[in-house]
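Each remark here refers to the structure printed beneath this line.
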Amino acid sequence: MSSNALSRRHALLLLCVVVLAWGFTWIVNKLLLDYMTPIWAAAARSIVGTAALLALGLALRRVAWPVKADIPVILSVGLLHMGAFAALVSLGMLYVPAGRSAVLAYTTPLWVIPGAWLFLGEPVRRARRAGLVLGLLGVLVIFNPLAFDWSNRDALYGNGLILLAALCWAANIVYVRAHRWVTPPFELALWQALLASAALCIVAYAAEGAPRVAWDADLGWLLGYAGVFGIAVAHWAAVNVNRSLPAGVTSIGLLGVPVFGLLCSAVVLHEPVNASLLTGMALIVTGIAAGMIERRA
């Protein structure tokens with residue numbers, strides 16, 4: 001661990017900040033859809049986040065020009081995670097409650113397991129196989145083929161978009177595992193967010209036309225939270241946590257994000273939380289934790 005790493009206590013406190021910031025972001029993203037079309041909402045969040053990352057980088061004196069070796073990871077994170085993931089989730093949340101969206105989006109680590117085995121040659125040992133089975137069982141419980149309304153095209157479309165977003169994030173994670181870092185991750189976040197903002201604006205204009213925004217004070221704080229806390233502050237905190245805590249502790253701690261997001265959706269948005277959703281979330285979180293504990297070992 002570097003001499004600049006935080007103490008364990010401070011790192012755990014920052015991990016709590018990340019969980020709370022990202023968990024509540026699901027509520028904010030859902031509320032933004034009352035003011036903007038979905039892809040423009042993702043683009044607006046990204047633009048505010050880019051500005052906040054620039055300000056934070058300048059304040060910390062951690063703004064750096066990327067080098068040629070950084071281009072692949074900038075493209076991967078900027079287009080797959082900050083771009084495609086954000087757009088697909090925003091579209092899916094038109095039809096899917098925020099809490100359910102958070103749980104489905106955080107199935108991402110489950111899809112990383114077969115992806116890393118296929119493309120990186122990572123072994124899939126017993127604990128990871130068990131974790132994958134538990135996680136997939138959790139998804140099956142949430143969808144419950146016997147109770148799911150297969151005639152509801154909006155529900156199929158929305159849930160499918162969220163799961164596709166999780167696959168995009170998983171593809172990004174698989175690449176990032178193989179990437180040889182030259183410039184530190186925080187310094188690259190600004191350029192990744194800038195690329196995502198440009199791509200989202202282009203796609204939003206092509207798919208939704210010119211932005212139609214109902215401006216008011218509530219929209220201001222929603223965009224401010226999503227960009228400043230949901231992107232800039234949370235990313236800075238996550239980078240510091242990753243440098244100061246074991247990867248297994250960080251990964252398992254981040255499983256609190258969908259749990260907190262589900263809780264917030266029930267309290268703030270009064271979304272119903274049924275037994276199948278709670279059971280499915282428990283299975284997914286347990287499955288992901290099993291795989292991450294093995295990876296740490």
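By order of appearance in the structure tokens: chains A, B, ..., then residues from 1 within every chain, and ligands from 1 in the order shown.
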
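Using only C-alpha atoms, the contacts of segment 104-106 of chain A at a cut-off of 8 Å, with sequence neighbours closer than 2 positions omitted, comprise Val89, Arg100, Ser101, Ala102, Thr108, Pro109, Val139, Asn159, Ile162, Leu163, Ala165, Ala166, Leu255 and Pro258 of chain A.
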
Print the selection's residues with all heavy atoms to a file, as an mmCIF file, in the first residue's frame.
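Produced file again29.cif, reproduced below:
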data_model
loop_
_atom_site.group_PDB
_atom_site.id
_atom_site.type_symbol
_atom_site.label_atom_id
_atom_site.label_comp_id
_atom_site.auth_asym_id
_atom_site.auth_seq_id
_atom_site.Cartn_x
_atom_site.Cartn_y
_atom_site.Cartn_z
ATOM 1 N N VAL A 89 -29.746 2.288 -19.048
ATOM 2 C CA VAL A 89 -30.427 2.331 -17.748
ATOM 3 C C VAL A 89 -31.482 3.435 -17.748
ATOM 4 O O VAL A 89 -32.607 3.236 -17.274
ATOM 5 C CB VAL A 89 -29.404 2.546 -16.610
ATOM 6 C CG1 VAL A 89 -30.097 3.023 -15.340
ATOM 7 C CG2 VAL A 89 -28.644 1.264 -16.328
ATOM 8 N N ARG A 100 -35.855 -1.906 -8.520
ATOM 9 C CA ARG A 100 -35.664 -3.095 -9.343
ATOM 10 C C ARG A 100 -34.535 -2.868 -10.342
ATOM 11 O O ARG A 100 -33.724 -3.768 -10.602
ATOM 12 C CB ARG A 100 -36.960 -3.419 -10.075
ATOM 13 C CG ARG A 100 -36.936 -4.703 -10.900
ATOM 14 C CD ARG A 100 -38.239 -4.848 -11.676
ATOM 15 N NE ARG A 100 -38.275 -6.062 -12.472
ATOM 16 C CZ ARG A 100 -38.844 -7.197 -12.101
ATOM 17 N NH1 ARG A 100 -39.423 -7.285 -10.914
ATOM 18 N NH2 ARG A 100 -38.845 -8.247 -12.902
ATOM 19 N N SER A 101 -34.444 -1.653 -10.890
ATOM 20 C CA SER A 101 -33.372 -1.325 -11.838
ATOM 21 C C SER A 101 -32.006 -1.466 -11.188
ATOM 22 O O SER A 101 -31.071 -2.009 -11.785
ATOM 23 C CB SER A 101 -33.550 0.110 -12.357
ATOM 24 O OG SER A 101 -34.757 0.266 -13.049
ATOM 25 N N ALA A 102 -31.886 -0.973 -9.948
ATOM 26 C CA ALA A 102 -30.603 -1.045 -9.251
ATOM 27 C C ALA A 102 -30.191 -2.491 -9.033
ATOM 28 O O ALA A 102 -29.023 -2.859 -9.214
ATOM 29 C CB ALA A 102 -30.696 -0.312 -7.909
ATOM 30 N N THR A 108 -24.168 -7.222 -12.820
ATOM 31 C CA THR A 108 -22.971 -7.103 -13.661
ATOM 32 C C THR A 108 -21.860 -8.090 -13.295
ATOM 33 O O THR A 108 -21.316 -8.765 -14.173
ATOM 34 C CB THR A 108 -22.446 -5.662 -13.621
ATOM 35 O OG1 THR A 108 -23.382 -4.813 -14.299
ATOM 36 C CG2 THR A 108 -21.101 -5.543 -14.309
ATOM 37 N N PRO A 109 -21.449 -8.185 -12.001
ATOM 38 C CA PRO A 109 -20.347 -9.112 -11.684
ATOM 39 C C PRO A 109 -20.639 -10.556 -12.070
ATOM 40 O O PRO A 109 -19.711 -11.335 -12.309
ATOM 41 C CB PRO A 109 -20.195 -8.957 -10.161
ATOM 42 C CG PRO A 109 -20.727 -7.592 -9.864
ATOM 43 C CD PRO A 109 -21.862 -7.411 -10.811
ATOM 44 N N VAL A 139 -31.960 -13.868 -10.348
ATOM 45 C CA VAL A 139 -32.603 -13.218 -11.500
ATOM 46 C C VAL A 139 -33.891 -13.955 -11.861
ATOM 47 O O VAL A 139 -34.927 -13.333 -12.153
ATOM 48 C CB VAL A 139 -31.638 -13.186 -12.705
ATOM 49 C CG1 VAL A 139 -32.353 -12.640 -13.941
ATOM 50 C CG2 VAL A 139 -30.415 -12.327 -12.387
ATOM 51 N N ASN A 159 -36.976 -4.155 -18.662
ATOM 52 C CA ASN A 159 -36.089 -5.082 -17.965
ATOM 53 C C ASN A 159 -34.962 -5.562 -18.866
ATOM 54 O O ASN A 159 -33.822 -5.732 -18.425
ATOM 55 C CB ASN A 159 -36.891 -6.269 -17.448
ATOM 56 C CG ASN A 159 -37.718 -5.935 -16.225
ATOM 57 O OD1 ASN A 159 -37.225 -5.916 -15.097
ATOM 58 N ND2 ASN A 159 -38.998 -5.652 -16.431
ATOM 59 N N ILE A 162 -32.228 -2.899 -19.007
ATOM 60 C CA ILE A 162 -31.395 -2.868 -17.793
ATOM 61 C C ILE A 162 -30.378 -4.006 -17.810
ATOM 62 O O ILE A 162 -29.194 -3.816 -17.481
ATOM 63 C CB ILE A 162 -32.273 -2.956 -16.528
ATOM 64 C CG1 ILE A 162 -33.281 -1.811 -16.465
ATOM 65 C CG2 ILE A 162 -31.392 -2.941 -15.280
ATOM 66 C CD1 ILE A 162 -32.690 -0.430 -16.319
ATOM 67 N N LEU A 163 -30.816 -5.200 -18.195
ATOM 68 C CA LEU A 163 -29.892 -6.335 -18.253
ATOM 69 C C LEU A 163 -28.841 -6.128 -19.353
ATOM 70 O O LEU A 163 -27.672 -6.504 -19.182
ATOM 71 C CB LEU A 163 -30.661 -7.630 -18.496
ATOM 72 C CG LEU A 163 -31.473 -8.134 -17.295
ATOM 73 C CD1 LEU A 163 -32.302 -9.343 -17.685
ATOM 74 C CD2 LEU A 163 -30.556 -8.476 -16.117
ATOM 75 N N ALA A 165 -27.693 -3.240 -20.218
ATOM 76 C CA ALA A 165 -26.768 -2.274 -19.616
ATOM 77 C C ALA A 165 -25.764 -2.989 -18.719
ATOM 78 O O ALA A 165 -24.564 -2.679 -18.729
ATOM 79 C CB ALA A 165 -27.554 -1.240 -18.799
ATOM 80 N N ALA A 166 -26.242 -3.962 -17.945
ATOM 81 C CA ALA A 166 -25.335 -4.732 -17.081
ATOM 82 C C ALA A 166 -24.293 -5.475 -17.906
ATOM 83 O O ALA A 166 -23.117 -5.568 -17.513
ATOM 84 C CB ALA A 166 -26.138 -5.716 -16.232
ATOM 85 N N LEU A 255 -21.692 -3.932 -2.753
ATOM 86 C CA LEU A 255 -22.972 -4.607 -2.892
ATOM 87 C C LEU A 255 -24.053 -3.906 -2.077
ATOM 88 O O LEU A 255 -25.249 -4.169 -2.257
ATOM 89 C CB LEU A 255 -22.854 -6.068 -2.446
ATOM 90 C CG LEU A 255 -21.947 -6.952 -3.311
ATOM 91 C CD1 LEU A 255 -21.906 -8.360 -2.755
ATOM 92 C CD2 LEU A 255 -22.430 -6.960 -4.747
ATOM 93 N N PRO A 258 -27.026 -1.536 -4.442
ATOM 94 C CA PRO A 258 -28.404 -1.892 -4.813
ATOM 95 C C PRO A 258 -29.322 -2.039 -3.611
ATOM 96 O O PRO A 258 -30.521 -1.768 -3.707
ATOM 97 C CB PRO A 258 -28.233 -3.227 -5.560
ATOM 98 C CG PRO A 258 -26.940 -3.784 -5.087
ATOM 99 C CD PRO A 258 -26.065 -2.592 -4.841
#

message: I'd like the neighbourhood of Leu277 of chain A as a list in words, where a residue qualifies if any of its atoms comes within 12 Å (using only C-alpha atoms), though same-chain residues fewer than 3 positions away should be ignored.
response: Pro97, Gly99, Arg100, Ser101, Ala102, Val103, Leu104, Leu137, Gly138, Val139, Leu140, Val141, Ile142, Phe143, Asn144, Pro258, Val259, Leu262, Leu263, Glu271, Pro272, Val273, Asn274, Gly280, Met281, Ala282, Leu283 and Ile284 of chain A

Atoms to include: N, CA and C atoms. Write the selected residues as a PDB file, in the first residue's frame.
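Result saved to selection17.pdb:
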ATOM      1  N   PRO A  97     -39.203   0.202 -12.119  1.00  0.00           N
ATOM      2  CA  PRO A  97     -38.970   0.972 -10.897  1.00  0.00           C
ATOM      3  C   PRO A  97     -37.480   1.107 -10.580  1.00  0.00           C
ATOM      4  N   GLY A  99     -35.785   0.833  -7.755  1.00  0.00           N
ATOM      5  CA  GLY A  99     -35.196  -0.211  -6.923  1.00  0.00           C
ATOM      6  C   GLY A  99     -34.913  -1.476  -7.702  1.00  0.00           C
ATOM      7  N   ARG A 100     -35.855  -1.906  -8.520  1.00  0.00           N
ATOM      8  CA  ARG A 100     -35.664  -3.095  -9.343  1.00  0.00           C
ATOM      9  C   ARG A 100     -34.535  -2.868 -10.342  1.00  0.00           C
ATOM     10  N   SER A 101     -34.444  -1.653 -10.890  1.00  0.00           N
ATOM     11  CA  SER A 101     -33.372  -1.325 -11.838  1.00  0.00           C
ATOM     12  C   SER A 101     -32.006  -1.466 -11.188  1.00  0.00           C
ATOM     13  N   ALA A 102     -31.886  -0.973  -9.948  1.00  0.00           N
ATOM     14  CA  ALA A 102     -30.603  -1.045  -9.251  1.00  0.00           C
ATOM     15  C   ALA A 102     -30.191  -2.491  -9.033  1.00  0.00           C
ATOM     16  N   VAL A 103     -31.147  -3.345  -8.642  1.00  0.00           N
ATOM     17  CA  VAL A 103     -30.829  -4.753  -8.389  1.00  0.00           C
ATOM     18  C   VAL A 103     -30.395  -5.438  -9.685  1.00  0.00           C
ATOM     19  N   LEU A 104     -31.141  -5.228 -10.769  1.00  0.00           N
ATOM     20  CA  LEU A 104     -30.813  -5.876 -12.041  1.00  0.00           C
ATOM     21  C   LEU A 104     -29.494  -5.361 -12.602  1.00  0.00           C
ATOM     22  N   LEU A 137     -30.102 -17.741 -10.251  1.00  0.00           N
ATOM     23  CA  LEU A 137     -31.330 -18.144  -9.582  1.00  0.00           C
ATOM     24  C   LEU A 137     -32.062 -16.916  -9.038  1.00  0.00           C
ATOM     25  N   GLY A 138     -31.281 -15.942  -8.537  1.00  0.00           N
ATOM     26  CA  GLY A 138     -31.885 -14.698  -8.056  1.00  0.00           C
ATOM     27  C   GLY A 138     -32.596 -13.940  -9.168  1.00  0.00           C
ATOM     28  N   VAL A 139     -31.960 -13.868 -10.348  1.00  0.00           N
ATOM     29  CA  VAL A 139     -32.603 -13.218 -11.500  1.00  0.00           C
ATOM     30  C   VAL A 139     -33.891 -13.955 -11.861  1.00  0.00           C
ATOM     31  N   LEU A 140     -33.854 -15.297 -11.826  1.00  0.00           N
ATOM     32  CA  LEU A 140     -35.029 -16.101 -12.148  1.00  0.00           C
ATOM     33  C   LEU A 140     -36.153 -15.843 -11.145  1.00  0.00           C
ATOM     34  N   VAL A 141     -35.801 -15.706  -9.857  1.00  0.00           N
ATOM     35  CA  VAL A 141     -36.803 -15.438  -8.827  1.00  0.00           C
ATOM     36  C   VAL A 141     -37.442 -14.066  -9.054  1.00  0.00           C
ATOM     37  N   ILE A 142     -36.626 -13.068  -9.410  1.00  0.00           N
ATOM     38  CA  ILE A 142     -37.157 -11.728  -9.648  1.00  0.00           C
ATOM     39  C   ILE A 142     -38.140 -11.737 -10.818  1.00  0.00           C
ATOM     40  N   PHE A 143     -37.777 -12.436 -11.878  1.00  0.00           N
ATOM     41  CA  PHE A 143     -38.643 -12.461 -13.056  1.00  0.00           C
ATOM     42  C   PHE A 143     -39.798 -13.453 -12.891  1.00  0.00           C
ATOM     43  N   ASN A 144     -39.607 -14.526 -12.117  1.00  0.00           N
ATOM     44  CA  ASN A 144     -40.654 -15.503 -11.836  1.00  0.00           C
ATOM     45  C   ASN A 144     -41.500 -15.776 -13.087  1.00  0.00           C
ATOM     46  N   PRO A 258     -27.026  -1.536  -4.442  1.00  0.00           N
ATOM     47  CA  PRO A 258     -28.404  -1.892  -4.813  1.00  0.00           C
ATOM     48  C   PRO A 258     -29.322  -2.039  -3.611  1.00  0.00           C
ATOM     49  N   VAL A 259     -28.773  -2.474  -2.463  1.00  0.00           N
ATOM     50  CA  VAL A 259     -29.597  -2.602  -1.257  1.00  0.00           C
ATOM     51  C   VAL A 259     -30.096  -1.227  -0.826  1.00  0.00           C
ATOM     52  N   LEU A 262     -32.604   0.146  -3.349  1.00  0.00           N
ATOM     53  CA  LEU A 262     -33.928  -0.462  -3.179  1.00  0.00           C
ATOM     54  C   LEU A 262     -34.648   0.151  -1.984  1.00  0.00           C
ATOM     55  N   LEU A 263     -33.921   0.369  -0.895  1.00  0.00           N
ATOM     56  CA  LEU A 263     -34.519   0.979   0.299  1.00  0.00           C
ATOM     57  C   LEU A 263     -34.998   2.401  -0.003  1.00  0.00           C
ATOM     58  N   GLU A 271     -42.156   2.916  -3.958  1.00  0.00           N
ATOM     59  CA  GLU A 271     -42.251   1.773  -4.867  1.00  0.00           C
ATOM     60  C   GLU A 271     -42.484   0.504  -4.055  1.00  0.00           C
ATOM     61  N   PRO A 272     -43.341  -0.382  -4.533  1.00  0.00           N
ATOM     62  CA  PRO A 272     -43.597  -1.626  -3.787  1.00  0.00           C
ATOM     63  C   PRO A 272     -42.390  -2.548  -3.812  1.00  0.00           C
ATOM     64  N   VAL A 273     -42.126  -3.183  -2.690  1.00  0.00           N
ATOM     65  CA  VAL A 273     -41.039  -4.161  -2.575  1.00  0.00           C
ATOM     66  C   VAL A 273     -41.663  -5.480  -2.157  1.00  0.00           C
ATOM     67  N   ASN A 274     -41.724  -6.437  -3.094  1.00  0.00           N
ATOM     68  CA  ASN A 274     -42.379  -7.712  -2.781  1.00  0.00           C
ATOM     69  C   ASN A 274     -41.355  -8.768  -2.379  1.00  0.00           C
ATOM     70  N   GLY A 280     -34.794 -12.448  -4.546  1.00  0.00           N
ATOM     71  CA  GLY A 280     -33.879 -12.406  -5.690  1.00  0.00           C
ATOM     72  C   GLY A 280     -32.657 -11.566  -5.401  1.00  0.00           C
ATOM     73  N   MET A 281     -32.850 -10.392  -4.758  1.00  0.00           N
ATOM     74  CA  MET A 281     -31.718  -9.539  -4.419  1.00  0.00           C
ATOM     75  C   MET A 281     -30.773 -10.251  -3.456  1.00  0.00           C
ATOM     76  N   ALA A 282     -31.329 -10.955  -2.478  1.00  0.00           N
ATOM     77  CA  ALA A 282     -30.489 -11.672  -1.518  1.00  0.00           C
ATOM     78  C   ALA A 282     -29.657 -12.745  -2.211  1.00  0.00           C
ATOM     79  N   LEU A 283     -30.264 -13.461  -3.153  1.00  0.00           N
ATOM     80  CA  LEU A 283     -29.528 -14.497  -3.888  1.00  0.00           C
ATOM     81  C   LEU A 283     -28.436 -13.886  -4.764  1.00  0.00           C
ATOM     82  N   ILE A 284     -28.753 -12.775  -5.437  1.00  0.00           N
ATOM     83  CA  ILE A 284     -27.771 -12.119  -6.303  1.00  0.00           C
ATOM     84  C   ILE A 284     -26.589 -11.609  -5.484  1.00  0.00           C
TER      85      ILE A 284
END

8 Å contact set for Ala232 of chain A, only C-alpha atoms, chain neighbours under 6 positions out, as a PyMOL selection string: chain A and resi 49-50+52-53+56

task: Could you please determine the separation between atom CA of His235 of chain A and atom CA of Arg62 of chain A in Å, to one decimal place?
output: 13.4 Å

All residues 9 Å or closer to Phe229 of chain A, only C-alpha atoms, same chain fewer than 2 positions away omitted, as a PDB file with N, CA, C and O atoms, in the first residue's frame:
ATOM      1  N   VAL A  18     -19.461   6.262  -0.853  1.00  0.00           N
ATOM      2  CA  VAL A  18     -19.692   5.756  -2.213  1.00  0.00           C
ATOM      3  C   VAL A  18     -21.023   5.006  -2.282  1.00  0.00           C
ATOM      4  O   VAL A  18     -21.817   5.218  -3.212  1.00  0.00           O
ATOM      5  N   ALA A  21     -23.890   7.545  -1.975  1.00  0.00           N
ATOM      6  CA  ALA A  21     -23.978   8.418  -3.147  1.00  0.00           C
ATOM      7  C   ALA A  21     -24.520   7.669  -4.355  1.00  0.00           C
ATOM      8  O   ALA A  21     -25.442   8.133  -5.037  1.00  0.00           O
ATOM      9  N   TRP A  22     -23.964   6.490  -4.635  1.00  0.00           N
ATOM     10  CA  TRP A  22     -24.421   5.723  -5.794  1.00  0.00           C
ATOM     11  C   TRP A  22     -25.804   5.124  -5.574  1.00  0.00           C
ATOM     12  O   TRP A  22     -26.599   5.018  -6.507  1.00  0.00           O
ATOM     13  N   THR A  25     -28.339   7.791  -6.141  1.00  0.00           N
ATOM     14  CA  THR A  25     -28.324   8.237  -7.535  1.00  0.00           C
ATOM     15  C   THR A  25     -29.423   7.558  -8.346  1.00  0.00           C
ATOM     16  O   THR A  25     -29.957   8.146  -9.295  1.00  0.00           O
ATOM     17  N   GLY A  49     -21.202  16.008 -14.545  1.00  0.00           N
ATOM     18  CA  GLY A  49     -20.148  15.205 -13.934  1.00  0.00           C
ATOM     19  C   GLY A  49     -18.777  15.527 -14.499  1.00  0.00           C
ATOM     20  O   GLY A  49     -17.781  15.563 -13.763  1.00  0.00           O
ATOM     21  N   ALA A  52     -17.664  18.739 -12.979  1.00  0.00           N
ATOM     22  CA  ALA A  52     -17.291  18.534 -11.578  1.00  0.00           C
ATOM     23  C   ALA A  52     -15.948  17.809 -11.461  1.00  0.00           C
ATOM     24  O   ALA A  52     -15.124  18.128 -10.587  1.00  0.00           O
ATOM     25  N   GLY A 224     -27.350  18.542 -10.242  1.00  0.00           N
ATOM     26  CA  GLY A 224     -26.181  18.807  -9.415  1.00  0.00           C
ATOM     27  C   GLY A 224     -25.778  17.591  -8.611  1.00  0.00           C
ATOM     28  O   GLY A 224     -24.589  17.236  -8.546  1.00  0.00           O
ATOM     29  N   TYR A 225     -26.753  16.918  -8.022  1.00  0.00           N
ATOM     30  CA  TYR A 225     -26.430  15.720  -7.247  1.00  0.00           C
ATOM     31  C   TYR A 225     -25.878  14.627  -8.148  1.00  0.00           C
ATOM     32  O   TYR A 225     -24.857  14.005  -7.838  1.00  0.00           O
ATOM     33  N   ALA A 226     -26.577  14.370  -9.266  1.00  0.00           N
ATOM     34  CA  ALA A 226     -26.170  13.287 -10.156  1.00  0.00           C
ATOM     35  C   ALA A 226     -24.763  13.500 -10.697  1.00  0.00           C
ATOM     36  O   ALA A 226     -23.981  12.553 -10.803  1.00  0.00           O
ATOM     37  N   GLY A 227     -24.433  14.741 -11.044  1.00  0.00           N
ATOM     38  CA  GLY A 227     -23.120  15.014 -11.610  1.00  0.00           C
ATOM     39  C   GLY A 227     -22.018  15.142 -10.574  1.00  0.00           C
ATOM     40  O   GLY A 227     -20.949  14.528 -10.693  1.00  0.00           O
ATOM     41  N   ILE A 231     -21.207  11.218  -9.773  1.00  0.00           N
ATOM     42  CA  ILE A 231     -20.082  10.930 -10.671  1.00  0.00           C
ATOM     43  C   ILE A 231     -18.755  11.371 -10.059  1.00  0.00           C
ATOM     44  O   ILE A 231     -17.890  10.547  -9.768  1.00  0.00           O
ATOM     45  N   ALA A 232     -18.579  12.672  -9.831  1.00  0.00           N
ATOM     46  CA  ALA A 232     -17.248  13.187  -9.454  1.00  0.00           C
ATOM     47  C   ALA A 232     -16.825  12.747  -8.052  1.00  0.00           C
ATOM     48  O   ALA A 232     -15.774  12.122  -7.877  1.00  0.00           O
ATOM     49  N   VAL A 233     -17.614  13.091  -7.048  1.00  0.00           N
ATOM     50  CA  VAL A 233     -17.229  12.790  -5.666  1.00  0.00           C
ATOM     51  C   VAL A 233     -17.163  11.283  -5.433  1.00  0.00           C
ATOM     52  O   VAL A 233     -16.210  10.772  -4.825  1.00  0.00           O
ATOM     53  N   ALA A 234     -18.187  10.552  -5.925  1.00  0.00           N
ATOM     54  CA  ALA A 234     -18.197   9.102  -5.732  1.00  0.00           C
ATOM     55  C   ALA A 234     -17.011   8.442  -6.427  1.00  0.00           C
ATOM     56  O   ALA A 234     -16.404   7.511  -5.891  1.00  0.00           O
ATOM     57  N   HIS A 235     -16.650   8.931  -7.625  1.00  0.00           N
ATOM     58  CA  HIS A 235     -15.515   8.329  -8.332  1.00  0.00           C
ATOM     59  C   HIS A 235     -14.205   8.614  -7.599  1.00  0.00           C
ATOM     60  O   HIS A 235     -13.376   7.717  -7.440  1.00  0.00           O
TER      61      HIS A 235
END

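Residues within 6 Å of segment 208-223 of chain A, counting only C-alpha atoms and excluding same-chain residues fewer than 6 positions away, are A:Val28, A:Tyr35, A:Met36, A:Arg45.
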
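Comparing A:Leu134, A:Leu32, A:Ala237, A:Val17 by their smallest distance to Phe186 of chain A, the closest is A:Ala237 (using only C-alpha atoms).
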
task: Considering only C-alpha atoms, return as a list of chain:residue names whatever protein or nucleic-acid residues lie within 10 Å of Leu20 of chain A, sequence-local ones (same chain, fewer than 4 positions apart) excluded.
output: A:Leu14, A:Leu15, A:Cys16, A:Phe24, A:Thr25, A:Phe229, A:Gly230, A:Ala234, A:Leu254, A:Gly256, A:Val257, A:Pro258, A:Phe260, A:Gly261, A:Cys264

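For the residues A:Val73, A:Ala290, A:Val63, A:His10, ranking by smallest atom-to-atom distance to Leu195 of chain A using only C-alpha atoms places A:Val73 first.
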
- request: Just list the residues in segment 63-192 of chain A DSSP gives alpha helix (DSSP H) on the backbone, as a VMD selection string.
  value: chain A and resid 71 to 75 86 to 92 98 to 105 108 to 120 126 to 143 153 to 178 185 to 192

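Coordinates place atom CA of Ala87 of chain A at a distance of 21.4 Å from atom CA of Leu269 of chain A.
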
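Of the residues listed (A:Leu164, A:Leu13, A:Ala41, A:Ala193), A:Ala41 shows the shortest atom-to-atom separation from Tyr205 of chain A; distances use only C-alpha atoms.
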
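Nearest-residue note for Gly135 of chain A: choosing from A:Leu190, A:Ile71, A:Cys168, A:Leu110, the minimum distance belongs to A:Leu110, counting only C-alpha atoms.
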